[in-house]
>>> print(open('structure.pdb').read())   # PDB, C-alpha atoms, pLDDT in the B column
ATOM      1  CA  TRP A  23      54.159 -62.917 -18.443  1.00 39.00           C
ATOM      2  CA  SER A  24      51.794 -65.888 -18.864  1.00 41.00           C
ATOM      3  CA  GLU A  25      50.643 -65.634 -15.299  1.00 45.00           C
ATOM      4  CA  ALA A  26      49.899 -61.963 -15.716  1.00 45.00           C
ATOM      5  CA  VAL A  27      47.464 -62.743 -18.473  1.00 46.00           C
ATOM      6  CA  GLY A  28      46.002 -65.751 -16.674  1.00 47.00           C
ATOM      7  CA  GLY A  29      47.272 -68.401 -19.054  1.00 47.00           C
ATOM      8  CA  ASP A  30      49.824 -71.126 -19.353  1.00 50.00           C
ATOM      9  CA  ALA A  31      53.031 -70.217 -21.170  1.00 49.00           C
ATOM     10  CA  GLY A  32      52.894 -73.461 -23.035  1.00 50.00           C
ATOM     11  CA  ASP A  33      49.339 -73.562 -24.418  1.00 55.00           C
ATOM     12  CA  GLY A  34      49.479 -70.352 -26.484  1.00 53.00           C
ATOM     13  CA  ARG A  35      46.222 -69.001 -25.074  1.00 63.00           C
ATOM     14  CA  GLY A  36      47.980 -65.980 -23.667  1.00 70.00           C
ATOM     15  CA  ARG A  37      49.162 -64.629 -27.034  1.00 80.00           C
ATOM     16  CA  PRO A  38      47.728 -61.241 -28.073  1.00 81.00           C
ATOM     17  CA  PRO A  39      45.182 -61.326 -30.912  1.00 81.00           C
ATOM     18  CA  PRO A  40      46.585 -60.754 -34.407  1.00 84.00           C
ATOM     19  CA  LEU A  41      46.369 -57.244 -35.808  1.00 88.00           C
ATOM     20  CA  VAL A  42      44.141 -56.761 -38.870  1.00 86.00           C
ATOM     21  CA  GLU A  43      43.221 -53.822 -41.031  1.00 87.00           C
ATOM     22  CA  THR A  44      39.730 -53.266 -42.361  1.00 85.00           C
ATOM     23  CA  ALA A  45      38.428 -51.143 -45.197  1.00 85.00           C
ATOM     24  CA  ARG A  46      35.078 -50.481 -46.786  1.00 87.00           C
ATOM     25  CA  ALA A  47      34.511 -52.504 -49.942  1.00 82.00           C
ATOM     26  CA  GLU A  48      34.363 -50.286 -53.013  1.00 81.00           C
ATOM     27  CA  ARG A  49      33.713 -50.729 -56.702  1.00 78.00           C
ATOM     28  CA  ALA A  50      36.512 -49.939 -59.170  1.00 71.00           C
ATOM     29  CA  THR A  51      37.022 -50.049 -62.933  1.00 68.00           C
ATOM     30  CA  ILE A  52      39.762 -52.226 -64.384  1.00 70.00           C
ATOM     31  CA  SER A  53      40.858 -52.475 -68.009  1.00 67.00           C
ATOM     32  CA  GLU A  54      40.819 -55.643 -70.044  1.00 83.00           C
ATOM     33  CA  ARG A  55      44.075 -55.778 -71.975  1.00 86.00           C
ATOM     34  CA  ILE A  56      45.808 -57.802 -74.659  1.00 90.00           C
ATOM     35  CA  SER A  57      49.600 -57.806 -74.416  1.00 92.00           C
ATOM     36  CA  ALA A  58      51.812 -57.781 -77.503  1.00 92.00           C
ATOM     37  CA  THR A  59      55.194 -56.641 -78.777  1.00 94.00           C
ATOM     38  CA  GLY A  60      56.235 -54.853 -81.924  1.00 93.00           C
ATOM     39  CA  THR A  61      58.713 -52.564 -83.669  1.00 93.00           C
ATOM     40  CA  LEU A  62      58.073 -48.937 -84.574  1.00 95.00           C
ATOM     41  CA  THR A  63      58.028 -48.032 -88.258  1.00 95.00           C
ATOM     42  CA  PRO A  64      57.605 -44.627 -89.939  1.00 95.00           C
ATOM     43  CA  PRO A  65      54.381 -43.992 -91.855  1.00 94.00           C
ATOM     44  CA  GLU A  66      56.398 -42.595 -94.768  1.00 94.00           C
ATOM     45  CA  ARG A  67      59.995 -43.057 -95.842  1.00 94.00           C
ATOM     46  CA  VAL A  68      61.451 -42.156 -99.242  1.00 95.00           C
ATOM     47  CA  THR A  69      64.818 -41.818-100.872  1.00 95.00           C
ATOM     48  CA  VAL A  70      65.065 -38.269-102.181  1.00 95.00           C
ATOM     49  CA  ALA A  71      66.528 -38.398-105.689  1.00 95.00           C
ATOM     50  CA  ALA A  72      67.497 -36.091-108.534  1.00 92.00           C
ATOM     51  CA  GLN A  73      64.924 -35.800-111.308  1.00 91.00           C
ATOM     52  CA  THR A  74      67.375 -34.720-113.985  1.00 91.00           C
ATOM     53  CA  ALA A  75      71.064 -35.018-114.759  1.00 93.00           C
ATOM     54  CA  GLY A  76      73.419 -32.293-113.608  1.00 93.00           C
ATOM     55  CA  ARG A  77      76.330 -31.229-111.449  1.00 94.00           C
ATOM     56  CA  ILE A  78      75.619 -30.348-107.834  1.00 95.00           C
ATOM     57  CA  ALA A  79      76.129 -26.646-107.223  1.00 95.00           C
ATOM     58  CA  SER A  80      75.183 -26.584-103.538  1.00 95.00           C
ATOM     59  CA  ILE A  81      73.758 -28.767-100.776  1.00 95.00           C
ATOM     60  CA  GLN A  82      71.294 -27.025 -98.475  1.00 94.00           C
ATOM     61  CA  PHE A  83      70.988 -29.530 -95.619  1.00 94.00           C
ATOM     62  CA  GLU A  84      72.947 -31.361 -92.955  1.00 94.00           C
ATOM     63  CA  GLU A  85      72.573 -34.999 -91.974  1.00 93.00           C
ATOM     64  CA  GLY A  86      69.872 -35.407 -89.337  1.00 91.00           C
ATOM     65  CA  ASP A  87      68.143 -32.111 -90.164  1.00 93.00           C
ATOM     66  CA  ALA A  88      64.416 -31.789 -89.604  1.00 93.00           C
ATOM     67  CA  VAL A  89      63.010 -30.254 -92.786  1.00 95.00           C
ATOM     68  CA  ARG A  90      59.645 -28.888 -93.843  1.00 94.00           C
ATOM     69  CA  LYS A  91      57.689 -29.828 -96.949  1.00 94.00           C
ATOM     70  CA  ASP A  92      59.121 -28.266-100.157  1.00 94.00           C
ATOM     71  CA  GLN A  93      62.310 -27.160 -98.403  1.00 95.00           C
ATOM     72  CA  VAL A  94      65.220 -26.905-100.853  1.00 96.00           C
ATOM     73  CA  LEU A  95      67.770 -29.690-100.322  1.00 96.00           C
ATOM     74  CA  VAL A  96      70.060 -29.607-103.358  1.00 96.00           C
ATOM     75  CA  ILE A  97      70.598 -27.182-106.220  1.00 96.00           C
ATOM     76  CA  LEU A  98      72.149 -28.374-109.485  1.00 96.00           C
ATOM     77  CA  GLU A  99      74.003 -26.075-111.881  1.00 94.00           C
ATOM     78  CA  ARG A 100      71.377 -23.933-113.617  1.00 92.00           C
ATOM     79  CA  GLU A 101      73.188 -21.649-116.074  1.00 93.00           C
ATOM     80  CA  ARG A 102      72.372 -23.581-119.261  1.00 92.00           C
ATOM     81  CA  ALA A 103      68.797 -24.262-118.155  1.00 90.00           C
ATOM     82  CA  GLU A 104      68.253 -20.582-117.342  1.00 92.00           C
ATOM     83  CA  ALA A 105      69.594 -19.638-120.807  1.00 94.00           C
ATOM     84  CA  ALA A 106      67.222 -22.171-122.376  1.00 93.00           C
ATOM     85  CA  VAL A 107      64.279 -20.569-120.578  1.00 92.00           C
ATOM     86  CA  GLU A 108      65.310 -17.107-121.777  1.00 93.00           C
ATOM     87  CA  GLU A 109      65.628 -18.390-125.334  1.00 92.00           C
ATOM     88  CA  ALA A 110      62.228 -20.097-125.172  1.00 92.00           C
ATOM     89  CA  ALA A 111      60.625 -16.935-123.746  1.00 93.00           C
ATOM     90  CA  ALA A 112      62.091 -14.862-126.571  1.00 94.00           C
ATOM     91  CA  ARG A 113      60.737 -17.395-129.070  1.00 92.00           C
ATOM     92  CA  VAL A 114      57.272 -17.090-127.552  1.00 90.00           C
ATOM     93  CA  GLU A 115      57.383 -13.317-127.862  1.00 92.00           C
ATOM     94  CA  GLN A 116      58.554 -13.542-131.474  1.00 89.00           C
ATOM     95  CA  GLN A 117      55.845 -16.003-132.482  1.00 87.00           C
ATOM     96  CA  SER A 118      53.174 -14.000-130.645  1.00 88.00           C
ATOM     97  CA  ARG A 119      54.096 -10.864-132.638  1.00 88.00           C
ATOM     98  CA  ALA A 120      54.127 -12.848-135.890  1.00 86.00           C
ATOM     99  CA  LEU A 121      50.687 -14.256-135.105  1.00 82.00           C
ATOM    100  CA  ALA A 122      49.330 -10.779-134.322  1.00 85.00           C
ATOM    101  CA  ARG A 123      50.634  -9.442-137.661  1.00 83.00           C
ATOM    102  CA  ARG A 124      49.075 -12.283-139.620  1.00 79.00           C
ATOM    103  CA  ARG A 125      45.736 -11.803-137.897  1.00 80.00           C
ATOM    104  CA  THR A 126      45.829  -8.120-138.764  1.00 80.00           C
ATOM    105  CA  LEU A 127      46.683  -8.895-142.380  1.00 76.00           C
ATOM    106  CA  GLY A 128      44.001 -11.575-142.428  1.00 72.00           C
ATOM    107  CA  GLN A 129      41.374  -8.968-141.577  1.00 77.00           C
ATOM    108  CA  ARG A 130      42.403  -7.184-144.824  1.00 73.00           C
ATOM    109  CA  ASP A 131      42.484 -10.435-146.775  1.00 72.00           C
ATOM    110  CA  PHE A 132      46.255 -10.126-147.343  1.00 72.00           C
ATOM    111  CA  VAL A 133      46.972 -13.613-145.928  1.00 68.00           C
ATOM    112  CA  SER A 134      45.026 -16.843-146.074  1.00 78.00           C
ATOM    113  CA  GLU A 135      43.395 -18.703-143.204  1.00 79.00           C
ATOM    114  CA  SER A 136      45.957 -21.488-143.564  1.00 81.00           C
ATOM    115  CA  GLU A 137      48.794 -19.017-142.936  1.00 82.00           C
ATOM    116  CA  ILE A 138      47.062 -17.777-139.794  1.00 78.00           C
ATOM    117  CA  ASP A 139      46.540 -21.365-138.628  1.00 81.00           C
ATOM    118  CA  LEU A 140      50.244 -22.057-139.199  1.00 87.00           C
ATOM    119  CA  ALA A 141      51.203 -18.976-137.181  1.00 83.00           C
ATOM    120  CA  GLU A 142      48.918 -20.078-134.360  1.00 87.00           C
ATOM    121  CA  ALA A 143      50.537 -23.517-134.352  1.00 90.00           C
ATOM    122  CA  ASP A 144      54.014 -21.946-134.229  1.00 88.00           C
ATOM    123  CA  ALA A 145      52.972 -19.754-131.309  1.00 88.00           C
ATOM    124  CA  GLU A 146      51.539 -22.727-129.405  1.00 91.00           C
ATOM    125  CA  ALA A 147      54.694 -24.757-130.062  1.00 92.00           C
ATOM    126  CA  ALA A 148      56.790 -21.905-128.694  1.00 91.00           C
ATOM    127  CA  ARG A 149      54.660 -21.737-125.541  1.00 92.00           C
ATOM    128  CA  ALA A 150      55.006 -25.505-125.084  1.00 94.00           C
ATOM    129  CA  ALA A 151      58.784 -25.258-125.467  1.00 93.00           C
ATOM    130  CA  LEU A 152      58.814 -22.550-122.787  1.00 93.00           C
ATOM    131  CA  ARG A 153      56.816 -24.741-120.413  1.00 94.00           C
ATOM    132  CA  ILE A 154      59.255 -27.626-120.942  1.00 94.00           C
ATOM    133  CA  ALA A 155      62.303 -25.407-120.417  1.00 93.00           C
ATOM    134  CA  THR A 156      60.756 -23.940-117.266  1.00 93.00           C
ATOM    135  CA  GLU A 157      60.020 -27.400-115.893  1.00 93.00           C
ATOM    136  CA  GLU A 158      63.560 -28.584-116.635  1.00 92.00           C
ATOM    137  CA  LEU A 159      64.899 -25.554-114.786  1.00 93.00           C
ATOM    138  CA  ALA A 160      62.665 -26.283-111.798  1.00 93.00           C
ATOM    139  CA  ASN A 161      63.852 -29.911-111.734  1.00 93.00           C
ATOM    140  CA  LEU A 162      67.373 -28.694-111.019  1.00 94.00           C
ATOM    141  CA  VAL A 163      66.199 -27.791-107.511  1.00 95.00           C
ATOM    142  CA  VAL A 164      65.552 -30.867-105.344  1.00 95.00           C
ATOM    143  CA  GLU A 165      62.969 -30.284-102.599  1.00 95.00           C
ATOM    144  CA  ALA A 166      61.683 -32.340 -99.681  1.00 95.00           C
ATOM    145  CA  PRO A 167      58.394 -34.047-100.677  1.00 94.00           C
ATOM    146  CA  PHE A 168      57.111 -33.921 -97.085  1.00 94.00           C
ATOM    147  CA  ALA A 169      58.184 -32.791 -93.618  1.00 93.00           C
ATOM    148  CA  GLY A 170      60.528 -35.199 -91.893  1.00 94.00           C
ATOM    149  CA  VAL A 171      64.077 -35.959 -90.797  1.00 94.00           C
ATOM    150  CA  LEU A 172      66.929 -36.530 -93.215  1.00 95.00           C
ATOM    151  CA  GLY A 173      69.342 -39.416 -92.912  1.00 93.00           C
ATOM    152  CA  ARG A 174      72.874 -39.711 -94.263  1.00 94.00           C
ATOM    153  CA  ARG A 175      73.899 -37.505 -97.170  1.00 94.00           C
ATOM    154  CA  LEU A 176      74.686 -39.648-100.223  1.00 94.00           C
ATOM    155  CA  VAL A 177      76.118 -36.961-102.539  1.00 93.00           C
ATOM    156  CA  SER A 178      78.817 -34.297-102.406  1.00 93.00           C
ATOM    157  CA  PRO A 179      79.101 -30.782-103.887  1.00 93.00           C
ATOM    158  CA  GLY A 180      80.495 -30.865-107.423  1.00 93.00           C
ATOM    159  CA  ALA A 181      79.402 -34.443-108.091  1.00 93.00           C
ATOM    160  CA  PHE A 182      77.566 -35.181-111.327  1.00 94.00           C
ATOM    161  CA  VAL A 183      74.290 -37.008-110.726  1.00 93.00           C
ATOM    162  CA  GLU A 184      72.030 -38.900-113.099  1.00 94.00           C
ATOM    163  CA  PRO A 185      68.217 -38.901-112.969  1.00 93.00           C
ATOM    164  CA  GLY A 186      67.124 -41.033-110.034  1.00 92.00           C
ATOM    165  CA  ALA A 187      70.444 -40.747-108.205  1.00 92.00           C
ATOM    166  CA  PRO A 188      69.763 -40.988-104.432  1.00 95.00           C
ATOM    167  CA  ILE A 189      70.549 -37.894-102.398  1.00 95.00           C
ATOM    168  CA  ALA A 190      69.346 -38.767 -98.877  1.00 95.00           C
ATOM    169  CA  GLU A 191      66.658 -40.737 -97.075  1.00 95.00           C
ATOM    170  CA  LEU A 192      63.741 -38.744 -95.691  1.00 96.00           C
ATOM    171  CA  THR A 193      61.592 -40.171 -92.900  1.00 95.00           C
ATOM    172  CA  ARG A 194      58.383 -38.833 -91.406  1.00 94.00           C
ATOM    173  CA  VAL A 195      58.719 -39.144 -87.617  1.00 93.00           C
ATOM    174  CA  ARG A 196      56.085 -36.815 -86.118  1.00 93.00           C
ATOM    175  CA  SER A 197      54.008 -39.968 -85.745  1.00 95.00           C
ATOM    176  CA  LEU A 198      55.136 -43.594 -85.791  1.00 96.00           C
ATOM    177  CA  ASP A 199      53.301 -46.870 -86.350  1.00 97.00           C
ATOM    178  CA  LEU A 200      53.516 -50.022 -84.254  1.00 96.00           C
ATOM    179  CA  LEU A 201      52.504 -53.245 -85.991  1.00 94.00           C
ATOM    180  CA  PHE A 202      51.732 -56.156 -83.681  1.00 94.00           C
ATOM    181  CA  ASP A 203      49.653 -59.330 -83.632  1.00 93.00           C
ATOM    182  CA  VAL A 204      46.750 -60.310 -81.377  1.00 92.00           C
ATOM    183  CA  PRO A 205      45.416 -63.851 -80.890  1.00 92.00           C
ATOM    184  CA  GLY A 206      42.737 -64.881 -83.345  1.00 88.00           C
ATOM    185  CA  LYS A 207      40.312 -65.591 -80.511  1.00 89.00           C
ATOM    186  CA  ALA A 208      40.384 -61.854 -79.661  1.00 87.00           C
ATOM    187  CA  VAL A 209      39.308 -60.705 -83.133  1.00 87.00           C
ATOM    188  CA  GLY A 210      35.860 -59.704 -81.909  1.00 88.00           C
ATOM    189  CA  GLN A 211      37.348 -57.413 -79.264  1.00 89.00           C
ATOM    190  CA  VAL A 212      39.572 -55.291 -81.518  1.00 91.00           C
ATOM    191  CA  GLU A 213      38.261 -52.053 -83.027  1.00 91.00           C
ATOM    192  CA  LEU A 214      39.626 -48.927 -84.665  1.00 94.00           C
ATOM    193  CA  GLY A 215      40.335 -46.109 -82.246  1.00 93.00           C
ATOM    194  CA  GLN A 216      41.061 -48.284 -79.227  1.00 93.00           C
ATOM    195  CA  THR A 217      43.829 -47.121 -76.904  1.00 94.00           C
ATOM    196  CA  VAL A 218      47.229 -48.793 -76.868  1.00 95.00           C
ATOM    197  CA  GLU A 219      49.671 -48.188 -74.026  1.00 95.00           C
ATOM    198  CA  ALA A 220      53.282 -49.073 -74.696  1.00 95.00           C
ATOM    199  CA  THR A 221      56.654 -49.026 -72.960  1.00 95.00           C
ATOM    200  CA  THR A 222      60.195 -49.378 -74.228  1.00 94.00           C
ATOM    201  CA  PRO A 223      63.464 -50.302 -72.495  1.00 92.00           C
ATOM    202  CA  ALA A 224      64.890 -46.984 -73.716  1.00 91.00           C
ATOM    203  CA  PHE A 225      62.480 -45.082 -71.413  1.00 93.00           C
ATOM    204  CA  PRO A 226      61.481 -47.616 -68.732  1.00 90.00           C
ATOM    205  CA  GLN A 227      59.653 -45.065 -66.562  1.00 91.00           C
ATOM    206  CA  GLN A 228      57.497 -43.641 -69.375  1.00 93.00           C
ATOM    207  CA  THR A 229      54.292 -44.916 -70.964  1.00 95.00           C
ATOM    208  CA  PHE A 230      53.408 -43.928 -74.524  1.00 96.00           C
ATOM    209  CA  THR A 231      49.787 -43.814 -75.653  1.00 96.00           C
ATOM    210  CA  GLY A 232      48.548 -44.483 -79.177  1.00 95.00           C
ATOM    211  CA  GLN A 233      45.369 -45.443 -81.025  1.00 96.00           C
ATOM    212  CA  VAL A 234      44.517 -48.373 -83.266  1.00 96.00           C
ATOM    213  CA  THR A 235      44.514 -47.123 -86.873  1.00 96.00           C
ATOM    214  CA  PHE A 236      44.404 -50.430 -88.751  1.00 95.00           C
ATOM    215  CA  VAL A 237      42.860 -53.823 -88.075  1.00 94.00           C
ATOM    216  CA  GLY A 238      43.787 -56.692 -90.363  1.00 92.00           C
ATOM    217  CA  THR A 239      41.128 -58.357 -92.458  1.00 90.00           C
ATOM    218  CA  GLN A 240      42.473 -61.900 -92.229  1.00 91.00           C
ATOM    219  CA  VAL A 241      43.799 -64.168 -89.490  1.00 91.00           C
ATOM    220  CA  SER A 242      47.121 -65.774 -90.379  1.00 89.00           C
ATOM    221  CA  GLU A 243      46.747 -69.504 -91.007  1.00 89.00           C
ATOM    222  CA  ALA A 244      50.291 -70.086 -89.805  1.00 91.00           C
ATOM    223  CA  THR A 245      50.142 -68.206 -86.489  1.00 91.00           C
ATOM    224  CA  ARG A 246      46.378 -67.827 -85.935  1.00 92.00           C
ATOM    225  CA  THR A 247      46.938 -64.168 -85.149  1.00 93.00           C
ATOM    226  CA  LEU A 248      45.476 -60.922 -86.500  1.00 93.00           C
ATOM    227  CA  PRO A 249      47.732 -57.984 -87.485  1.00 94.00           C
ATOM    228  CA  VAL A 250      46.895 -54.682 -85.806  1.00 95.00           C
ATOM    229  CA  GLU A 251      48.545 -51.291 -86.240  1.00 96.00           C
ATOM    230  CA  ALA A 252      48.600 -48.460 -83.705  1.00 96.00           C
ATOM    231  CA  THR A 253      49.822 -44.913 -84.337  1.00 97.00           C
ATOM    232  CA  PHE A 254      51.756 -42.978 -81.703  1.00 97.00           C
ATOM    233  CA  ASN A 255      52.193 -39.216 -81.647  1.00 95.00           C
ATOM    234  CA  ASN A 256      55.905 -38.389 -81.613  1.00 94.00           C
ATOM    235  CA  GLU A 257      55.978 -34.602 -81.493  1.00 91.00           C
ATOM    236  CA  ASN A 258      58.660 -34.704 -78.781  1.00 89.00           C
ATOM    237  CA  GLY A 259      60.884 -36.934 -80.920  1.00 89.00           C
ATOM    238  CA  LEU A 260      61.611 -39.449 -78.157  1.00 93.00           C
ATOM    239  CA  LEU A 261      60.553 -42.468 -80.190  1.00 94.00           C
ATOM    240  CA  LYS A 262      62.694 -43.630 -83.108  1.00 93.00           C
ATOM    241  CA  PRO A 263      61.906 -45.959 -86.004  1.00 93.00           C
ATOM    242  CA  GLY A 264      63.079 -49.467 -85.233  1.00 92.00           C
ATOM    243  CA  MET A 265      62.544 -49.216 -81.473  1.00 94.00           C
ATOM    244  CA  TYR A 266      61.077 -52.239 -79.709  1.00 93.00           C
ATOM    245  CA  LEU A 267      57.850 -51.652 -77.747  1.00 95.00           C
ATOM    246  CA  ARG A 268      55.827 -53.728 -75.323  1.00 95.00           C
ATOM    247  CA  ALA A 269      52.206 -52.849 -75.956  1.00 94.00           C
ATOM    248  CA  GLU A 270      48.924 -53.391 -74.183  1.00 93.00           C
ATOM    249  CA  LEU A 271      45.756 -53.030 -76.217  1.00 93.00           C
ATOM    250  CA  ILE A 272      42.835 -51.924 -74.041  1.00 91.00           C
ATOM    251  CA  VAL A 273      39.828 -53.792 -75.375  1.00 82.00           C
ATOM    252  CA  GLY A 274      37.322 -53.076 -72.605  1.00 68.00           C
ATOM    253  CA  GLU A 275      36.614 -52.171 -68.996  1.00 65.00           C
ATOM    254  CA  ARG A 276      34.677 -53.871 -66.236  1.00 63.00           C
ATOM    255  CA  GLN A 277      33.535 -53.113 -62.705  1.00 63.00           C
ATOM    256  CA  VAL A 278      34.978 -55.115 -59.803  1.00 70.00           C
ATOM    257  CA  VAL A 279      34.802 -54.955 -56.006  1.00 73.00           C
TER     258      VAL A 279
END
>>> encode(input="structure.pdb", output="structure tokens")
Amino acid sequence: WSEAVGGDAGDGRGRPPPLVETARAERATISERISATGTLTPPERVTVAAQTAGRIASIQFEEGDAVRKDQVLVILERERAEAAVEEAAARVEQQSRALARRRTLGQRDFVSESEIDLAEADAEAARAALRIATEELANLVVEAPFAGVLGRRLVSPGAFVEPGAPIAELTRVRSLDLLFDVPGKAVGQVELGQTVEATTPAFPQQTFTGQVTFVGTQVSEATRTLPVEATFNNENGLLKPGMYLRAELIVGERQVV
């Protein structure tokens, strides 16, 4: 073989030239990123509670249900409260008729102004009592304060609950927040609205995109870092509160060859 190419087998001059690939140099845009980690938290989470004392007549939800704002969750026994409203309404009607009679008599000077004033006060007191009774009746229906997902049920049908007794935990999950820290030296690069790309071990092949919605106002003296919060849309429900995310904050772009 070396003789065929005119060289000596021992000096290496007969080896074929190495293969190389060439390409035209081009400009491209790359992102400048700050890496961080954090845990997802819900923007709103409350413990739904009874506003008044009563016995639970029915429970209108199941654990894990997605509920809309003002959806009925629990109904307490209402018979006595409904009777109180009827009684208060009858009292309003009675006092309204009495006030009308006194005004008519007052036009003929058969009653004094003080008697008319007293009748007006009685009528107003009756209307106030009706408003209170109506509000107490409404408080026997526990509704969801906002749209979200319910956690474990903490009460049972037939149980007597006191005001403030917890019924279930309600969490807003249509969007979730990721709180993370960036180095203090990067403070000048962080702005509201910047894009954050994040991944989680639960979905290793998927990237979630959010936006910066909060930038801290003070660098921690202990860690020399700045707290930043990003909000992620969670309409598909894949993300859960408490999940761990690896995030990359995109703080700029630059052109390279």
>>> atom_distance(input="structure.pdb", atom1="atom CA of Val212 of chain A", atom2="atom CA of Pro64 of chain A")
22.6 Å
>>> atom_distance(input="structure.pdb", atom1="atom CA of Ile189 of chain A", atom2="atom CA of Arg175 of chain A")
6.2 Å
>>> residues_around(input="structure.pdb", residues="Ala208 of chain A", least_positions_apart="2", cutoff="9 Å", atoms="all atoms listed in the file", output="PDB file with C-alpha atoms, in the frame of the given file")
ATOM      1  CA  ILE A  56      45.808 -57.802 -74.659  1.00 90.00           C
ATOM      2  CA  VAL A 204      46.750 -60.310 -81.377  1.00 92.00           C
ATOM      3  CA  PRO A 205      45.416 -63.851 -80.890  1.00 92.00           C
ATOM      4  CA  GLY A 206      42.737 -64.881 -83.345  1.00 88.00           C
ATOM      5  CA  GLY A 210      35.860 -59.704 -81.909  1.00 88.00           C
ATOM      6  CA  GLN A 211      37.348 -57.413 -79.264  1.00 89.00           C
ATOM      7  CA  VAL A 212      39.572 -55.291 -81.518  1.00 91.00           C
ATOM      8  CA  THR A 247      46.938 -64.168 -85.149  1.00 93.00           C
ATOM      9  CA  LEU A 248      45.476 -60.922 -86.500  1.00 93.00           C
TER      10      LEU A 248
END
>>> resolve_selection(input="structure.pdb", expression="the PyMOL selection byres ((chain A and resi 259) around 12)", output="list in words")
Ala88, Gly170, Val171, Arg194, Val195, Arg196, Ser197, Leu198, Phe254, Asn255, Asn256, Glu257, Asn258, Leu260, Leu261, Lys262 and Pro263 of chain A
>>> write_last_selection(input="structure.pdb", atoms="C-alpha atoms", output="JSON list (two decimals), keeping the file's coordinate frame")
[["chain", "number", "residue", "atom", "x", "y", "z"],
["A", 88, "ALA", "CA", 64.42, -31.79, -89.60],
["A", 170, "GLY", "CA", 60.53, -35.20, -91.89],
["A", 171, "VAL", "CA", 64.08, -35.96, -90.80],
["A", 194, "ARG", "CA", 58.38, -38.83, -91.41],
["A", 195, "VAL", "CA", 58.72, -39.14, -87.62],
["A", 196, "ARG", "CA", 56.08, -36.82, -86.12],
["A", 197, "SER", "CA", 54.01, -39.97, -85.74],
["A", 198, "LEU", "CA", 55.14, -43.59, -85.79],
["A", 254, "PHE", "CA", 51.76, -42.98, -81.70],
["A", 255, "ASN", "CA", 52.19, -39.22, -81.65],
["A", 256, "ASN", "CA", 55.90, -38.39, -81.61],
["A", 257, "GLU", "CA", 55.98, -34.60, -81.49],
["A", 258, "ASN", "CA", 58.66, -34.70, -78.78],
["A", 260, "LEU", "CA", 61.61, -39.45, -78.16],
["A", 261, "LEU", "CA", 60.55, -42.47, -80.19],
["A", 262, "LYS", "CA", 62.69, -43.63, -83.11],
["A", 263, "PRO", "CA", 61.91, -45.96, -86.00]]
>>> closest_residue(input="structure.pdb", among="A:Glu115, A:Glu137, A:Glu84, A:Glu109", to="Ser178 of chain A", atoms="only C-alpha atoms")
A:Glu84
>>> resolve_selection(input="structure.pdb", expression="the PyMOL selection byres ((chain A and resi 144-154) around 8)", output="list of chain:residue names")
A:Val107, A:Ala110, A:Ala111, A:Arg113, A:Val114, A:Gln117, A:Ser118, A:Leu121, A:Leu140, A:Ala141, A:Glu142, A:Ala143, A:Ala155, A:Thr156, A:Glu157, A:Glu158
>>> residues_around(input="structure.pdb", residues="Ala166 of chain A", least_positions_apart="5", cutoff="10 Å", atoms="all atoms listed in the file", output="list in words")
Val68, Val70, Ala71, Val89, Arg90, Lys91, Asp92, Gln93, Val94, Leu95, Val96, Val171, Leu172 and Leu192 of chain A
>>> residues_near_point(input="structure.pdb", point="(48.3, -56.9, -75.4)", cutoff="7 Å", atoms="only C-alpha atoms", output="list in words")
Arg55, Ile56, Ser57, Ala58, Ala269, Glu270 and Leu271 of chain A
>>> closest_residue(input="structure.pdb", among="A:Ser80, A:Gln216, A:Thr63, A:Thr74", to="Ala181 of chain A", atoms="all atoms listed in the file")
A:Ser80
>>> atom_distance(input="structure.pdb", atom1="atom CA of Ala187 of chain A", atom2="atom CA of Ala105 of chain A")
24.6 Å
>>> axis_aligned_box(input="structure.pdb", around="segment 73-88 of chain A", padding_each_side="5 Å", output="AutoDock Vina command-line options")
--center_x 70.4 --center_y -31.2 --center_z -102.0 --size_x 21.9 --size_y 19.2 --size_z 35.4
